[in-house]
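Trainee: Below is a structure I'd like to ask you about.
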Amino acid sequence: MKQVHIWVDADSCPRMVRSYILRYALKLTLPVTFVANHQIPVTENSTYEMIICEKTPDAADNYIVLHAETHDMVITRDIPLAARCVEKNICILNDRGTIYTKENIHQRLSERNFSLQLAQIGLGSNGAISYGKKEFAAFADCFDKAIHQLIKNTGLSK
């Protein structure tokens with residue numbers, strides 16, 4: 001029987017999140033694939049796959065959408081990628097503990113597009129996004145609940 005597979009849009013994924021995912025997946029013997037357009041440093045001795053895509057727009061996103069399946073989990077900050085995965089009924093969350101669903105993805109996509117428009121005309125933020133213990137704790141809690149619920153709901157082996 002196929003296992004739940006964890007896919008990580010690794011280009012902007014914080015190191016502490018990558019490390020946590022690897023430790024957790026090792027404990028549950030789940031496969032992990034990091035997808036990026038460059039090598040991502042990973043320090044844990046763990047089994048994972050690193051896919052390096054072409055340095056073209058959306059290459060890593062396209063790879064994830066093509067290979068992830070309904071019983072898998074995708075970790076990303078990329079709202080358009082999240083929207084594409086939600087359409088495929090894939091469990092998707094960001095590194096701050098937000099789960100994207102069919103009920104919330106359209107609003108998140110609209111907010112992202114509006115913020116992008118503001119930034120393009122010079123009215124947006126400086127783009128600096130802080131990530132610390134509070135954000136990581138929210139992610140870890142969400143990830144723990146989501147991965148166990150996914151395993152339970154799919155009836156797939158760990």
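If you're wondering about the labels, chains in the structure tokens are A, B, ... by order shown, residues count from 1 in each chain, ligands from 1 in order shown.
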Extract, using only C-alpha atoms, all DNA, RNA and protein residues at most 10 Å from range 20-32 of chain A, discarding same-chain residues fewer than 2 positions from it, and format them as a PDB file with N, CA and C atoms, in the first residue's frame.

Mentor:
ATOM      1  N   GLN A   3       2.361   4.911   0.764  1.00  0.00           N
ATOM      2  CA  GLN A   3       2.466   5.723   1.970  1.00  0.00           C
ATOM      3  C   GLN A   3       2.064   7.164   1.700  1.00  0.00           C
ATOM      4  N   VAL A   4       1.744   7.861   2.765  1.00  0.00           N
ATOM      5  CA  VAL A   4       1.596   9.308   2.692  1.00  0.00           C
ATOM      6  C   VAL A   4       2.986   9.858   2.376  1.00  0.00           C
ATOM      7  N   HIS A   5       3.046  10.770   1.450  1.00  0.00           N
ATOM      8  CA  HIS A   5       4.317  11.352   1.018  1.00  0.00           C
ATOM      9  C   HIS A   5       4.298  12.840   1.344  1.00  0.00           C
ATOM     10  N   ILE A   6       5.384  13.363   1.882  1.00  0.00           N
ATOM     11  CA  ILE A   6       5.475  14.783   2.218  1.00  0.00           C
ATOM     12  C   ILE A   6       6.317  15.475   1.162  1.00  0.00           C
ATOM     13  N   TRP A   7       5.739  16.480   0.526  1.00  0.00           N
ATOM     14  CA  TRP A   7       6.403  17.270  -0.499  1.00  0.00           C
ATOM     15  C   TRP A   7       6.664  18.658   0.075  1.00  0.00           C
ATOM     16  N   VAL A   8       7.872  19.167  -0.096  1.00  0.00           N
ATOM     17  CA  VAL A   8       8.219  20.480   0.454  1.00  0.00           C
ATOM     18  C   VAL A   8       8.690  21.384  -0.677  1.00  0.00           C
ATOM     19  N   ARG A  15      14.839  26.613   7.608  1.00  0.00           N
ATOM     20  CA  ARG A  15      15.664  25.464   8.001  1.00  0.00           C
ATOM     21  C   ARG A  15      15.029  24.690   9.158  1.00  0.00           C
ATOM     22  N   MET A  16      14.497  25.384  10.164  1.00  0.00           N
ATOM     23  CA  MET A  16      13.926  24.668  11.309  1.00  0.00           C
ATOM     24  C   MET A  16      12.701  23.852  10.908  1.00  0.00           C
ATOM     25  N   VAL A  17      11.960  24.308   9.910  1.00  0.00           N
ATOM     26  CA  VAL A  17      10.812  23.551   9.415  1.00  0.00           C
ATOM     27  C   VAL A  17      11.295  22.317   8.654  1.00  0.00           C
ATOM     28  N   ARG A  18      12.298  22.491   7.806  1.00  0.00           N
ATOM     29  CA  ARG A  18      12.853  21.345   7.075  1.00  0.00           C
ATOM     30  C   ARG A  18      13.361  20.277   8.045  1.00  0.00           C
ATOM     31  N   PHE A  34      12.074  17.170  -1.150  1.00  0.00           N
ATOM     32  CA  PHE A  34      12.273  18.613  -1.234  1.00  0.00           C
ATOM     33  C   PHE A  34      12.394  18.956  -2.709  1.00  0.00           C
ATOM     34  N   VAL A  35      11.671  19.984  -3.136  1.00  0.00           N
ATOM     35  CA  VAL A  35      11.715  20.400  -4.530  1.00  0.00           C
ATOM     36  C   VAL A  35      12.096  21.876  -4.554  1.00  0.00           C
ATOM     37  N   VAL A  42      20.551  20.462   3.999  1.00  0.00           N
ATOM     38  CA  VAL A  42      19.828  19.665   4.988  1.00  0.00           C
ATOM     39  C   VAL A  42      20.887  18.972   5.835  1.00  0.00           C
ATOM     40  N   THR A  43      20.802  19.131   7.159  1.00  0.00           N
ATOM     41  CA  THR A  43      21.856  18.610   8.024  1.00  0.00           C
ATOM     42  C   THR A  43      21.541  17.259   8.642  1.00  0.00           C
ATOM     43  N   GLU A  44      20.280  16.896   8.722  1.00  0.00           N
ATOM     44  CA  GLU A  44      19.913  15.645   9.384  1.00  0.00           C
ATOM     45  C   GLU A  44      20.365  14.441   8.570  1.00  0.00           C
ATOM     46  N   ASN A  45      20.723  13.384   9.273  1.00  0.00           N
ATOM     47  CA  ASN A  45      20.974  12.111   8.610  1.00  0.00           C
ATOM     48  C   ASN A  45      19.628  11.432   8.465  1.00  0.00           C
ATOM     49  N   SER A  46      19.038  11.587   7.323  1.00  0.00           N
ATOM     50  CA  SER A  46      17.703  11.073   7.099  1.00  0.00           C
ATOM     51  C   SER A  46      17.561  10.706   5.633  1.00  0.00           C
ATOM     52  N   THR A  47      16.604   9.890   5.359  1.00  0.00           N
ATOM     53  CA  THR A  47      16.356   9.570   3.967  1.00  0.00           C
ATOM     54  C   THR A  47      15.337  10.556   3.426  1.00  0.00           C
ATOM     55  N   TYR A  48      15.713  11.221   2.390  1.00  0.00           N
ATOM     56  CA  TYR A  48      14.834  12.152   1.712  1.00  0.00           C
ATOM     57  C   TYR A  48      15.319  12.244   0.276  1.00  0.00           C
ATOM     58  N   GLU A  49      14.483  12.805  -0.560  1.00  0.00           N
ATOM     59  CA  GLU A  49      14.854  13.007  -1.942  1.00  0.00           C
ATOM     60  C   GLU A  49      14.913  14.506  -2.194  1.00  0.00           C
ATOM     61  N   MET A  50      15.902  14.941  -2.940  1.00  0.00           N
ATOM     62  CA  MET A  50      16.034  16.356  -3.309  1.00  0.00           C
ATOM     63  C   MET A  50      15.906  16.440  -4.818  1.00  0.00           C
ATOM     64  N   ASP A  72      -1.232  12.751  -0.179  1.00  0.00           N
ATOM     65  CA  ASP A  72       0.042  13.349   0.203  1.00  0.00           C
ATOM     66  C   ASP A  72      -0.168  14.677   0.923  1.00  0.00           C
ATOM     67  N   MET A  73       0.938  15.238   1.410  1.00  0.00           N
ATOM     68  CA  MET A  73       0.924  16.555   2.052  1.00  0.00           C
ATOM     69  C   MET A  73       1.956  17.428   1.352  1.00  0.00           C
ATOM     70  N   VAL A  74       1.603  18.696   1.129  1.00  0.00           N
ATOM     71  CA  VAL A  74       2.524  19.656   0.530  1.00  0.00           C
ATOM     72  C   VAL A  74       2.702  20.810   1.508  1.00  0.00           C
ATOM     73  N   ILE A  75       3.959  21.207   1.714  1.00  0.00           N
ATOM     74  CA  ILE A  75       4.293  22.354   2.563  1.00  0.00           C
ATOM     75  C   ILE A  75       4.803  23.458   1.641  1.00  0.00           C
ATOM     76  N   PHE A 136       6.973  28.943  14.193  1.00  0.00           N
ATOM     77  CA  PHE A 136       7.360  27.532  14.129  1.00  0.00           C
ATOM     78  C   PHE A 136       6.443  26.666  14.991  1.00  0.00           C
ATOM     79  N   PHE A 139       3.283  26.055  13.223  1.00  0.00           N
ATOM     80  CA  PHE A 139       3.489  25.068  12.157  1.00  0.00           C
ATOM     81  C   PHE A 139       3.550  23.651  12.729  1.00  0.00           C
ATOM     82  N   ALA A 140       4.379  23.462  13.743  1.00  0.00           N
ATOM     83  CA  ALA A 140       4.578  22.120  14.311  1.00  0.00           C
ATOM     84  C   ALA A 140       3.258  21.533  14.809  1.00  0.00           C
ATOM     85  N   PHE A 143       1.116  20.757  11.673  1.00  0.00           N
ATOM     86  CA  PHE A 143       1.692  19.630  10.941  1.00  0.00           C
ATOM     87  C   PHE A 143       1.376  18.317  11.649  1.00  0.00           C
ATOM     88  N   ASP A 144       1.571  18.282  12.957  1.00  0.00           N
ATOM     89  CA  ASP A 144       1.307  17.074  13.744  1.00  0.00           C
ATOM     90  C   ASP A 144      -0.140  16.618  13.571  1.00  0.00           C
ATOM     91  N   ILE A 147      -0.877  15.615   9.680  1.00  0.00           N
ATOM     92  CA  ILE A 147      -0.277  14.378   9.173  1.00  0.00           C
ATOM     93  C   ILE A 147      -0.969  13.152   9.777  1.00  0.00           C
ATOM     94  N   HIS A 148      -1.311  13.219  11.057  1.00  0.00           N
ATOM     95  CA  HIS A 148      -2.003  12.086  11.669  1.00  0.00           C
ATOM     96  C   HIS A 148      -3.428  11.953  11.148  1.00  0.00           C
ATOM     97  N   SER A 157      -0.873   3.150   5.177  1.00  0.00           N
ATOM     98  CA  SER A 157       0.103   2.791   6.199  1.00  0.00           C
ATOM     99  C   SER A 157       1.050   3.938   6.446  1.00  0.00           C
ATOM    100  N   LYS A 158       1.636   3.946   7.638  1.00  0.00           N
ATOM    101  CA  LYS A 158       2.636   4.964   7.972  1.00  0.00           C
ATOM    102  C   LYS A 158       3.904   4.584   7.365  1.00  0.00           C
TER     103      LYS A 158
END

Trainee: Show which residues sit within 6 Å of Ile90 in chain A, as a PyMOL selection string. Count only C-alpha atoms, and ignore same-chain residues fewer than 3 positions away.

Mentor: chain A and resi 70+85-86

Trainee: Please identify which residues in chain A DSSP calls strand (DSSP E or B) from the backbone, and express them as a count of residues only.

Mentor: 21

Trainee: Can you tell me, as a list in words, what residues are no more than 12 Å from Tyr131 in chain A when counting only C-alpha atoms, ignoring any on the same chain fewer than 2 positions away?

Mentor: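 In the requested form, the answer reads Ser12, Cys13, Pro14, Arg15, Met16, Val17, Asp95, Arg96, Gly97, Ala128, Ile129, Lys133, Lys134, Glu135, Phe136, Ala137, Ala138 and Phe139 of chain A.
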
Trainee: Keeping only N, CA, C and O atoms, write the selected residues as a PDB file, in the first residue's frame.

Mentor:
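Written file, out_22.pdb:
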ATOM      1  N   SER A  12      11.761  28.477  -0.178  1.00  0.00           N
ATOM      2  CA  SER A  12      11.624  29.467   0.896  1.00  0.00           C
ATOM      3  C   SER A  12      11.269  28.836   2.240  1.00  0.00           C
ATOM      4  O   SER A  12      10.866  29.530   3.168  1.00  0.00           O
ATOM      5  N   CYS A  13      11.436  27.549   2.355  1.00  0.00           N
ATOM      6  CA  CYS A  13      11.082  26.856   3.593  1.00  0.00           C
ATOM      7  C   CYS A  13      12.194  27.046   4.636  1.00  0.00           C
ATOM      8  O   CYS A  13      13.354  26.721   4.376  1.00  0.00           O
ATOM      9  N   PRO A  14      11.854  27.566   5.816  1.00  0.00           N
ATOM     10  CA  PRO A  14      12.873  27.780   6.850  1.00  0.00           C
ATOM     11  C   PRO A  14      13.571  26.485   7.265  1.00  0.00           C
ATOM     12  O   PRO A  14      12.969  25.411   7.285  1.00  0.00           O
ATOM     13  N   ARG A  15      14.839  26.613   7.608  1.00  0.00           N
ATOM     14  CA  ARG A  15      15.664  25.464   8.001  1.00  0.00           C
ATOM     15  C   ARG A  15      15.029  24.690   9.158  1.00  0.00           C
ATOM     16  O   ARG A  15      15.018  23.458   9.154  1.00  0.00           O
ATOM     17  N   MET A  16      14.497  25.384  10.164  1.00  0.00           N
ATOM     18  CA  MET A  16      13.926  24.668  11.309  1.00  0.00           C
ATOM     19  C   MET A  16      12.701  23.852  10.908  1.00  0.00           C
ATOM     20  O   MET A  16      12.456  22.786  11.468  1.00  0.00           O
ATOM     21  N   VAL A  17      11.960  24.308   9.910  1.00  0.00           N
ATOM     22  CA  VAL A  17      10.812  23.551   9.415  1.00  0.00           C
ATOM     23  C   VAL A  17      11.295  22.317   8.654  1.00  0.00           C
ATOM     24  O   VAL A  17      10.773  21.218   8.855  1.00  0.00           O
ATOM     25  N   ASP A  95       4.269  27.166   6.312  1.00  0.00           N
ATOM     26  CA  ASP A  95       5.212  27.019   7.420  1.00  0.00           C
ATOM     27  C   ASP A  95       4.823  27.818   8.654  1.00  0.00           C
ATOM     28  O   ASP A  95       5.570  27.894   9.614  1.00  0.00           O
ATOM     29  N   ARG A  96       3.635  28.397   8.639  1.00  0.00           N
ATOM     30  CA  ARG A  96       3.119  29.157   9.778  1.00  0.00           C
ATOM     31  C   ARG A  96       1.883  28.497  10.399  1.00  0.00           C
ATOM     32  O   ARG A  96       1.242  29.076  11.260  1.00  0.00           O
ATOM     33  N   GLY A  97       1.555  27.307   9.919  1.00  0.00           N
ATOM     34  CA  GLY A  97       0.452  26.572  10.523  1.00  0.00           C
ATOM     35  C   GLY A  97      -0.910  26.851   9.913  1.00  0.00           C
ATOM     36  O   GLY A  97      -1.926  26.613  10.554  1.00  0.00           O
ATOM     37  N   ALA A 128       9.921  41.973   3.933  1.00  0.00           N
ATOM     38  CA  ALA A 128      10.601  41.231   4.990  1.00  0.00           C
ATOM     39  C   ALA A 128       9.570  40.463   5.811  1.00  0.00           C
ATOM     40  O   ALA A 128       8.618  41.033   6.313  1.00  0.00           O
ATOM     41  N   ILE A 129       9.767  39.171   5.898  1.00  0.00           N
ATOM     42  CA  ILE A 129       8.856  38.312   6.648  1.00  0.00           C
ATOM     43  C   ILE A 129       9.643  37.673   7.772  1.00  0.00           C
ATOM     44  O   ILE A 129      10.594  36.938   7.527  1.00  0.00           O
ATOM     45  N   LYS A 133      10.047  31.561  16.794  1.00  0.00           N
ATOM     46  CA  LYS A 133       9.524  30.451  17.599  1.00  0.00           C
ATOM     47  C   LYS A 133       8.006  30.355  17.560  1.00  0.00           C
ATOM     48  O   LYS A 133       7.450  29.257  17.521  1.00  0.00           O
ATOM     49  N   LYS A 134       7.340  31.499  17.583  1.00  0.00           N
ATOM     50  CA  LYS A 134       5.868  31.510  17.572  1.00  0.00           C
ATOM     51  C   LYS A 134       5.324  30.902  16.276  1.00  0.00           C
ATOM     52  O   LYS A 134       4.426  30.060  16.295  1.00  0.00           O
ATOM     53  N   GLU A 135       5.896  31.314  15.145  1.00  0.00           N
ATOM     54  CA  GLU A 135       5.455  30.801  13.850  1.00  0.00           C
ATOM     55  C   GLU A 135       5.781  29.318  13.723  1.00  0.00           C
ATOM     56  O   GLU A 135       4.965  28.528  13.234  1.00  0.00           O
ATOM     57  N   PHE A 136       6.973  28.943  14.193  1.00  0.00           N
ATOM     58  CA  PHE A 136       7.360  27.532  14.129  1.00  0.00           C
ATOM     59  C   PHE A 136       6.443  26.666  14.991  1.00  0.00           C
ATOM     60  O   PHE A 136       6.028  25.579  14.576  1.00  0.00           O
ATOM     61  N   ALA A 137       6.110  27.136  16.185  1.00  0.00           N
ATOM     62  CA  ALA A 137       5.228  26.367  17.076  1.00  0.00           C
ATOM     63  C   ALA A 137       3.863  26.156  16.431  1.00  0.00           C
ATOM     64  O   ALA A 137       3.287  25.059  16.519  1.00  0.00           O
ATOM     65  N   ALA A 138       3.354  27.178  15.767  1.00  0.00           N
ATOM     66  CA  ALA A 138       2.062  27.054  15.077  1.00  0.00           C
ATOM     67  C   ALA A 138       2.167  26.022  13.952  1.00  0.00           C
ATOM     68  O   ALA A 138       1.269  25.197  13.760  1.00  0.00           O
ATOM     69  N   PHE A 139       3.283  26.055  13.223  1.00  0.00           N
ATOM     70  CA  PHE A 139       3.489  25.068  12.157  1.00  0.00           C
ATOM     71  C   PHE A 139       3.550  23.651  12.729  1.00  0.00           C
ATOM     72  O   PHE A 139       2.883  22.737  12.234  1.00  0.00           O
TER      73      PHE A 139
END

Trainee: Taking only range 40-154 of chain A into account, list the residues labelled helix (DSSP H, G or I) by DSSP (computed from the backbone), as a PyMOL selection string.

Mentor: chain A and resi 59-67+79-87+105-120+133-154

Trainee: Mind giving me the straight-line distance from CA of Thr33 in chain A to CA of Leu116 in chain A in Å, one decimal?

Mentor: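 About the pair CA of Thr33 in chain A and CA of Leu116 in chain A: they are 28.8 Å apart.
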
Trainee: Can you tell me, as a PyMOL selection string, what residues are no more than 12 Å from Leu66 in chain A when counting only C-alpha atoms, ignoring any on the same chain fewer than 5 positions away?

Mentor: chain A and resi 7+58-61+81+84-85+88+90

Trainee: I'd like the interatomic distance between CA of His67 in chain A and CA of Ile51 in chain A, to a tenth of an Å.

Mentor: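 Straight-line distance from CA of His67 in chain A to CA of Ile51 in chain A works out to 11.5 Å.
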
Trainee: Taking into account only C-alpha atoms, which residue in the set A:Gly122, A:Glu87, A:His106, A:Asn94 is nearest to Asp9 in chain A?

Mentor: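 Of the candidates, the smallest distance to Asp9 in chain A is held by A:Asn94.
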